[in-house]
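In what follows, a single structure is set out as structure tokens and then discussed.
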Amino acid sequence: MEKMNNAVRQTLALLVDNEPGVLSQIARLFSRKGYNIEAFAAGPTENQGVTRLTIDVIADEPHTELLCNQLRKLYPVHSVKRLNTVNSIYRELMLIKVSTEGAERRNDVMQIANIFRAQIIDVSLETLTLVVTGDSEKLEAIVNILKEFKILEIARTGVVAIERGTATINDESKERGEFNYGKNVL
């Protein structure tokens with residue numbers, strides 16, 4: 001598939017059945033359409049048996065709409081919504097382990113952590129491990145500052161996002177009984 005020059009990072013939120021093979025099915029759809037999943041987060045929702053996925057992909061408007069429409073056709077997908085930065089809240093979590101040999105370096109890292117509202121979750125004589133939450137720009141900023149010290153390890157989640165106000169991802173317009181591929185129907 002030919003990609004357009006005006007491709008930007010798009011965030012998609014999905015509600016899917018929590019069952020084996022669903023993530024593989026969604027990943028295959030992105031792969032078939034020629035798109036890489038840039039970031040991915042999954043977790044339980046307020047409804048038992050339903051998982052919320054947040055997927056970041058680089059695509060232009062028409063191709064993003066095509067991806068959304070293709071995702072909606074999958075049986076285990078309850079709802080698909082494209083989120084925008086104006087009406088949504090985005091957060092990411094990062095664990096970062098920094099070398100802090102010596103009290104002065106440890107104090108410097110602790111001051112940086114304080115400025116970024118990071119929590120120190122592990123301390124040893126040679127390292128500090130921080131947890132930072134925020135948008136991607138905040139996480140990149142602390143990483144750039146801590147490069148002055150020796151960063152030993154970084155673990156980041158994908159972005160999670162939710163719409164502001166009363167808007168929700170729930171979409172009751174999909175006929176669930178319409179596509180019962182492989183399901184036992186009485």
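All residue names refer to the structure tokens as shown: chains lettered A, B, ... in order, residues numbered from 1 in each chain, ligands numbered from 1 in order.
Residues in contact with Asp122 (chain A) at 10 Å, where only C-alpha atoms are counted and same-chain residues fewer than 6 positions away are skipped, are listed as Lys97, Leu128, Thr129, Leu130 and Val131 of chain A.
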Checklist entry - When DSSP works through the backbone of this structure, what residues of chain A end up as helix (DSSP H, G or I), shown as a count of residues only? => result 51
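Distances to Phe30 (chain A) were evaluated for A:Val80, A:Cys68, A:Leu53, A:Val16 using only C-alpha atoms, and the minimum falls at A:Cys68.
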Next on the checklist: Taking 5 positions as the minimum chain separation for residues in the same chain, which residues sit within 9 Å of Glu153 (chain A) when counting only C-alpha atoms? Answer as a ChimeraX atom specification.
Outcome noted: /A:95-98
Include N, CA and C atoms and write out the residues we just selected as a compact mmCIF listing (two decimals), in the first residue's frame.
```
# COMPACT_ATOMS: atom_id res chain seq x y z
N LEU A 95 9.93 3.23 33.37
CA LEU A 95 10.89 2.91 34.43
C LEU A 95 12.27 3.17 33.85
N ILE A 96 13.10 3.87 34.61
CA ILE A 96 14.44 4.19 34.10
C ILE A 96 15.46 3.99 35.23
N LYS A 97 16.48 3.19 34.94
CA LYS A 97 17.53 2.89 35.91
C LYS A 97 18.78 3.66 35.50
N VAL A 98 19.31 4.46 36.45
CA VAL A 98 20.43 5.36 36.18
C VAL A 98 21.58 5.03 37.12
```
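Distances here use only C-alpha atoms; by that measure, the residue among A:Leu14, A:Ala7, A:Ala103, A:Leu71 closest to Ala59 (chain A) is A:Ala7.
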For Leu83 (chain A): contacts at 10 Å, only C-alpha atoms, fewer than 5 positions along chain excluded, given as a PDB file with all heavy atoms, in the first residue's frame:
```pdb
ATOM      1  N   GLN A  10      -1.255   8.588  14.725  1.00  0.00           N
ATOM      2  CA  GLN A  10      -2.681   8.498  15.025  1.00  0.00           C
ATOM      3  C   GLN A  10      -2.851   7.543  16.203  1.00  0.00           C
ATOM      4  O   GLN A  10      -2.165   6.523  16.281  1.00  0.00           O
ATOM      5  CB  GLN A  10      -3.458   7.933  13.824  1.00  0.00           C
ATOM      6  CG  GLN A  10      -3.241   8.665  12.532  1.00  0.00           C
ATOM      7  CD  GLN A  10      -4.108   9.904  12.407  1.00  0.00           C
ATOM      8  OE1 GLN A  10      -5.008  10.147  13.192  1.00  0.00           O
ATOM      9  NE2 GLN A  10      -3.818  10.708  11.405  1.00  0.00           N
ATOM     10  N   THR A  11      -3.767   7.864  17.106  1.00  0.00           N
ATOM     11  CA  THR A  11      -4.046   6.994  18.245  1.00  0.00           C
ATOM     12  C   THR A  11      -5.445   6.420  18.091  1.00  0.00           C
ATOM     13  O   THR A  11      -6.414   7.163  17.947  1.00  0.00           O
ATOM     14  CB  THR A  11      -3.930   7.765  19.564  1.00  0.00           C
ATOM     15  OG1 THR A  11      -2.613   8.305  19.680  1.00  0.00           O
ATOM     16  CG2 THR A  11      -4.199   6.862  20.754  1.00  0.00           C
ATOM     17  N   LEU A  12      -5.519   5.094  18.119  1.00  0.00           N
ATOM     18  CA  LEU A  12      -6.787   4.388  18.011  1.00  0.00           C
ATOM     19  C   LEU A  12      -7.074   3.689  19.332  1.00  0.00           C
ATOM     20  O   LEU A  12      -6.172   3.079  19.923  1.00  0.00           O
ATOM     21  CB  LEU A  12      -6.735   3.348  16.894  1.00  0.00           C
ATOM     22  CG  LEU A  12      -6.269   3.818  15.526  1.00  0.00           C
ATOM     23  CD1 LEU A  12      -6.209   2.640  14.555  1.00  0.00           C
ATOM     24  CD2 LEU A  12      -7.180   4.904  15.005  1.00  0.00           C
ATOM     25  N   ALA A  13      -8.312   3.785  19.798  1.00  0.00           N
ATOM     26  CA  ALA A  13      -8.749   3.067  20.993  1.00  0.00           C
ATOM     27  C   ALA A  13      -9.757   2.021  20.554  1.00  0.00           C
ATOM     28  O   ALA A  13     -10.661   2.314  19.775  1.00  0.00           O
ATOM     29  CB  ALA A  13      -9.353   4.036  21.999  1.00  0.00           C
ATOM     30  N   THR A  54      -5.005   0.413  23.124  1.00  0.00           N
ATOM     31  CA  THR A  54      -4.630   1.718  22.595  1.00  0.00           C
ATOM     32  C   THR A  54      -3.470   1.468  21.650  1.00  0.00           C
ATOM     33  O   THR A  54      -2.453   0.906  22.048  1.00  0.00           O
ATOM     34  CB  THR A  54      -4.220   2.696  23.720  1.00  0.00           C
ATOM     35  OG1 THR A  54      -5.259   2.744  24.695  1.00  0.00           O
ATOM     36  CG2 THR A  54      -3.982   4.085  23.165  1.00  0.00           C
ATOM     37  N   SER A  88      -8.532  14.542  24.150  1.00  0.00           N
ATOM     38  CA  SER A  88      -8.124  13.328  24.846  1.00  0.00           C
ATOM     39  C   SER A  88      -6.961  13.593  25.790  1.00  0.00           C
ATOM     40  O   SER A  88      -6.213  14.553  25.625  1.00  0.00           O
ATOM     41  CB  SER A  88      -7.720  12.253  23.837  1.00  0.00           C
ATOM     42  OG  SER A  88      -8.784  11.970  22.967  1.00  0.00           O
ATOM     43  N   ILE A  89      -6.833  12.712  26.756  1.00  0.00           N
ATOM     44  CA  ILE A  89      -5.735  12.747  27.716  1.00  0.00           C
ATOM     45  C   ILE A  89      -4.844  11.546  27.418  1.00  0.00           C
ATOM     46  O   ILE A  89      -5.333  10.423  27.323  1.00  0.00           O
ATOM     47  CB  ILE A  89      -6.269  12.657  29.159  1.00  0.00           C
ATOM     48  CG1 ILE A  89      -7.254  13.784  29.433  1.00  0.00           C
ATOM     49  CG2 ILE A  89      -5.124  12.660  30.160  1.00  0.00           C
ATOM     50  CD1 ILE A  89      -8.109  13.564  30.662  1.00  0.00           C
ATOM     51  N   TYR A  90      -3.547  11.787  27.259  1.00  0.00           N
ATOM     52  CA  TYR A  90      -2.582  10.745  26.925  1.00  0.00           C
ATOM     53  C   TYR A  90      -1.576  10.611  28.068  1.00  0.00           C
ATOM     54  O   TYR A  90      -1.085  11.621  28.576  1.00  0.00           O
ATOM     55  CB  TYR A  90      -1.789  11.113  25.666  1.00  0.00           C
ATOM     56  CG  TYR A  90      -2.620  11.197  24.417  1.00  0.00           C
ATOM     57  CD1 TYR A  90      -3.432  12.291  24.150  1.00  0.00           C
ATOM     58  CD2 TYR A  90      -2.581  10.163  23.487  1.00  0.00           C
ATOM     59  CE1 TYR A  90      -4.183  12.360  23.004  1.00  0.00           C
ATOM     60  CE2 TYR A  90      -3.323  10.232  22.329  1.00  0.00           C
ATOM     61  CZ  TYR A  90      -4.130  11.334  22.095  1.00  0.00           C
ATOM     62  OH  TYR A  90      -4.877  11.389  20.955  1.00  0.00           O
ATOM     63  N   ALA A 161      -4.780   6.286  26.476  1.00  0.00           N
ATOM     64  CA  ALA A 161      -5.489   7.544  26.247  1.00  0.00           C
ATOM     65  C   ALA A 161      -6.967   7.347  26.507  1.00  0.00           C
ATOM     66  O   ALA A 161      -7.504   6.254  26.336  1.00  0.00           O
ATOM     67  CB  ALA A 161      -5.260   8.028  24.816  1.00  0.00           C
ATOM     68  N   ILE A 162      -7.611   8.434  26.904  1.00  0.00           N
ATOM     69  CA  ILE A 162      -9.044   8.432  27.140  1.00  0.00           C
ATOM     70  C   ILE A 162      -9.571   9.812  26.780  1.00  0.00           C
ATOM     71  O   ILE A 162      -8.856  10.808  26.925  1.00  0.00           O
ATOM     72  CB  ILE A 162      -9.355   8.052  28.611  1.00  0.00           C
ATOM     73  CG1 ILE A 162     -10.809   7.665  28.791  1.00  0.00           C
ATOM     74  CG2 ILE A 162      -8.945   9.152  29.562  1.00  0.00           C
ATOM     75  CD1 ILE A 162     -11.084   6.951  30.108  1.00  0.00           C
ATOM     76  N   GLU A 163     -10.803   9.879  26.289  1.00  0.00           N
ATOM     77  CA  GLU A 163     -11.376  11.162  25.905  1.00  0.00           C
ATOM     78  C   GLU A 163     -11.779  11.968  27.136  1.00  0.00           C
ATOM     79  O   GLU A 163     -12.154  11.418  28.163  1.00  0.00           O
ATOM     80  CB  GLU A 163     -12.597  10.957  25.003  1.00  0.00           C
ATOM     81  CG  GLU A 163     -12.235  10.482  23.625  1.00  0.00           C
ATOM     82  CD  GLU A 163     -13.440  10.386  22.727  1.00  0.00           C
ATOM     83  OE1 GLU A 163     -14.304   9.539  23.010  1.00  0.00           O
ATOM     84  OE2 GLU A 163     -13.493  11.154  21.756  1.00  0.00           O
ATOM     85  N   ILE A 169     -15.719   5.498  24.579  1.00  0.00           N
ATOM     86  CA  ILE A 169     -15.392   4.658  23.429  1.00  0.00           C
ATOM     87  C   ILE A 169     -16.547   3.747  23.043  1.00  0.00           C
ATOM     88  O   ILE A 169     -16.591   3.215  21.949  1.00  0.00           O
ATOM     89  CB  ILE A 169     -14.135   3.817  23.720  1.00  0.00           C
ATOM     90  CG1 ILE A 169     -13.676   3.091  22.449  1.00  0.00           C
ATOM     91  CG2 ILE A 169     -14.373   2.862  24.864  1.00  0.00           C
ATOM     92  CD1 ILE A 169     -12.381   2.345  22.605  1.00  0.00           C
TER      93      ILE A 169
END
```
Item to check | Contacts of Arg106 (chain A) at 12 Å (only C-alpha atoms; same-chain gap of 5+ positions) as a VMD selection string | outcome: chain A and resid 97 to 101 111 to 113 120 123 to 130 146 149 to 150
Atoms kept (N, CA and C atoms) for selection, written as a PDB file, in the first residue's frame:
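Now in out.pdb:
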```pdb
ATOM      1  N   LYS A  97      16.483   3.185  34.943  1.00  0.00           N
ATOM      2  CA  LYS A  97      17.533   2.894  35.909  1.00  0.00           C
ATOM      3  C   LYS A  97      18.785   3.662  35.505  1.00  0.00           C
ATOM      4  N   VAL A  98      19.309   4.460  36.454  1.00  0.00           N
ATOM      5  CA  VAL A  98      20.425   5.357  36.184  1.00  0.00           C
ATOM      6  C   VAL A  98      21.583   5.030  37.119  1.00  0.00           C
ATOM      7  N   SER A  99      22.794   5.034  36.571  1.00  0.00           N
ATOM      8  CA  SER A  99      23.991   4.841  37.378  1.00  0.00           C
ATOM      9  C   SER A  99      24.243   6.095  38.208  1.00  0.00           C
ATOM     10  N   THR A 100      24.445   5.914  39.517  1.00  0.00           N
ATOM     11  CA  THR A 100      24.649   7.064  40.410  1.00  0.00           C
ATOM     12  C   THR A 100      25.794   6.789  41.378  1.00  0.00           C
ATOM     13  N   GLU A 101      26.943   6.483  40.840  1.00  0.00           N
ATOM     14  CA  GLU A 101      28.095   6.223  41.701  1.00  0.00           C
ATOM     15  C   GLU A 101      28.527   7.527  42.365  1.00  0.00           C
ATOM     16  N   GLN A 111      17.323  15.329  42.366  1.00  0.00           N
ATOM     17  CA  GLN A 111      16.788  16.661  42.060  1.00  0.00           C
ATOM     18  C   GLN A 111      16.067  16.651  40.703  1.00  0.00           C
ATOM     19  N   ILE A 112      16.658  15.996  39.723  1.00  0.00           N
ATOM     20  CA  ILE A 112      16.007  15.888  38.405  1.00  0.00           C
ATOM     21  C   ILE A 112      14.682  15.147  38.549  1.00  0.00           C
ATOM     22  N   ALA A 113      14.690  14.059  39.312  1.00  0.00           N
ATOM     23  CA  ALA A 113      13.455  13.301  39.541  1.00  0.00           C
ATOM     24  C   ALA A 113      12.395  14.192  40.175  1.00  0.00           C
ATOM     25  N   ILE A 120      11.166   7.792  42.994  1.00  0.00           N
ATOM     26  CA  ILE A 120      12.296   6.875  43.122  1.00  0.00           C
ATOM     27  C   ILE A 120      11.739   5.601  43.728  1.00  0.00           C
ATOM     28  N   VAL A 123      16.618   2.007  45.222  1.00  0.00           N
ATOM     29  CA  VAL A 123      17.890   2.678  45.491  1.00  0.00           C
ATOM     30  C   VAL A 123      18.931   1.621  45.832  1.00  0.00           C
ATOM     31  N   SER A 124      20.105   1.753  45.228  1.00  0.00           N
ATOM     32  CA  SER A 124      21.258   0.947  45.636  1.00  0.00           C
ATOM     33  C   SER A 124      22.445   1.895  45.710  1.00  0.00           C
ATOM     34  N   LEU A 125      23.592   1.396  46.092  1.00  0.00           N
ATOM     35  CA  LEU A 125      24.775   2.248  46.166  1.00  0.00           C
ATOM     36  C   LEU A 125      25.190   2.765  44.794  1.00  0.00           C
ATOM     37  N   GLU A 126      24.884   2.005  43.743  1.00  0.00           N
ATOM     38  CA  GLU A 126      25.322   2.375  42.397  1.00  0.00           C
ATOM     39  C   GLU A 126      24.217   2.873  41.480  1.00  0.00           C
ATOM     40  N   THR A 127      22.934   2.683  41.845  1.00  0.00           N
ATOM     41  CA  THR A 127      21.845   3.040  40.926  1.00  0.00           C
ATOM     42  C   THR A 127      20.648   3.651  41.644  1.00  0.00           C
ATOM     43  N   LEU A 128      19.872   4.391  40.872  1.00  0.00           N
ATOM     44  CA  LEU A 128      18.527   4.828  41.261  1.00  0.00           C
ATOM     45  C   LEU A 128      17.599   4.394  40.135  1.00  0.00           C
ATOM     46  N   THR A 129      16.429   3.870  40.506  1.00  0.00           N
ATOM     47  CA  THR A 129      15.415   3.534  39.517  1.00  0.00           C
ATOM     48  C   THR A 129      14.224   4.435  39.752  1.00  0.00           C
ATOM     49  N   LEU A 130      13.798   5.100  38.674  1.00  0.00           N
ATOM     50  CA  LEU A 130      12.707   6.058  38.739  1.00  0.00           C
ATOM     51  C   LEU A 130      11.507   5.533  37.968  1.00  0.00           C
ATOM     52  N   LEU A 146      18.851  12.828  31.611  1.00  0.00           N
ATOM     53  CA  LEU A 146      19.551  11.760  32.327  1.00  0.00           C
ATOM     54  C   LEU A 146      20.631  11.087  31.486  1.00  0.00           C
ATOM     55  N   PHE A 149      24.059  11.236  32.789  1.00  0.00           N
ATOM     56  CA  PHE A 149      24.425  10.148  33.680  1.00  0.00           C
ATOM     57  C   PHE A 149      24.377   8.884  32.835  1.00  0.00           C
ATOM     58  N   LYS A 150      24.789   7.796  33.342  1.00  0.00           N
ATOM     59  CA  LYS A 150      24.752   6.569  32.557  1.00  0.00           C
ATOM     60  C   LYS A 150      23.393   5.899  32.763  1.00  0.00           C
TER      61      LYS A 150
END
```
Checklist entry - So which residues touch Ile115 (chain A) within 12 Å, counting only C-alpha atoms, skipping near sequence neighbours fewer than 4 positions away, as an NGL selection string? => result :A and (108-111 or 119 or 132 or 138 or 141-142 or 145)
Would you put the residues from that selection into a file with C-alpha atoms, as a compact mmCIF listing (two decimals), in the first residue's frame?
```txt
# COMPACT_ATOMS: atom_id res chain seq x y z
CA ASP A 108 21.72 15.33 41.12
CA VAL A 109 19.49 12.51 39.84
CA MET A 110 17.17 12.93 42.84
CA GLN A 111 16.79 16.66 42.06
CA GLN A 119 9.20 8.69 41.97
CA VAL A 132 7.88 8.64 35.43
CA LYS A 138 7.89 14.66 29.19
CA ALA A 141 12.80 15.26 28.12
CA ILE A 142 13.85 13.38 31.27
CA ILE A 145 18.64 15.08 30.72
```
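If you look at CA of Arg28 (chain A) and CA of Gln70 (chain A), they are 11.5 Å away from each other.
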Item to check | Pick from A:Gly21, A:Pro62, A:Gly43, A:Gly34 nearest to Asn6 (chain A), counting only C-alpha atoms | outcome: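 When distances to Asn6 (chain A) are compared using only C-alpha atoms, the smallest one comes from A:Pro62.
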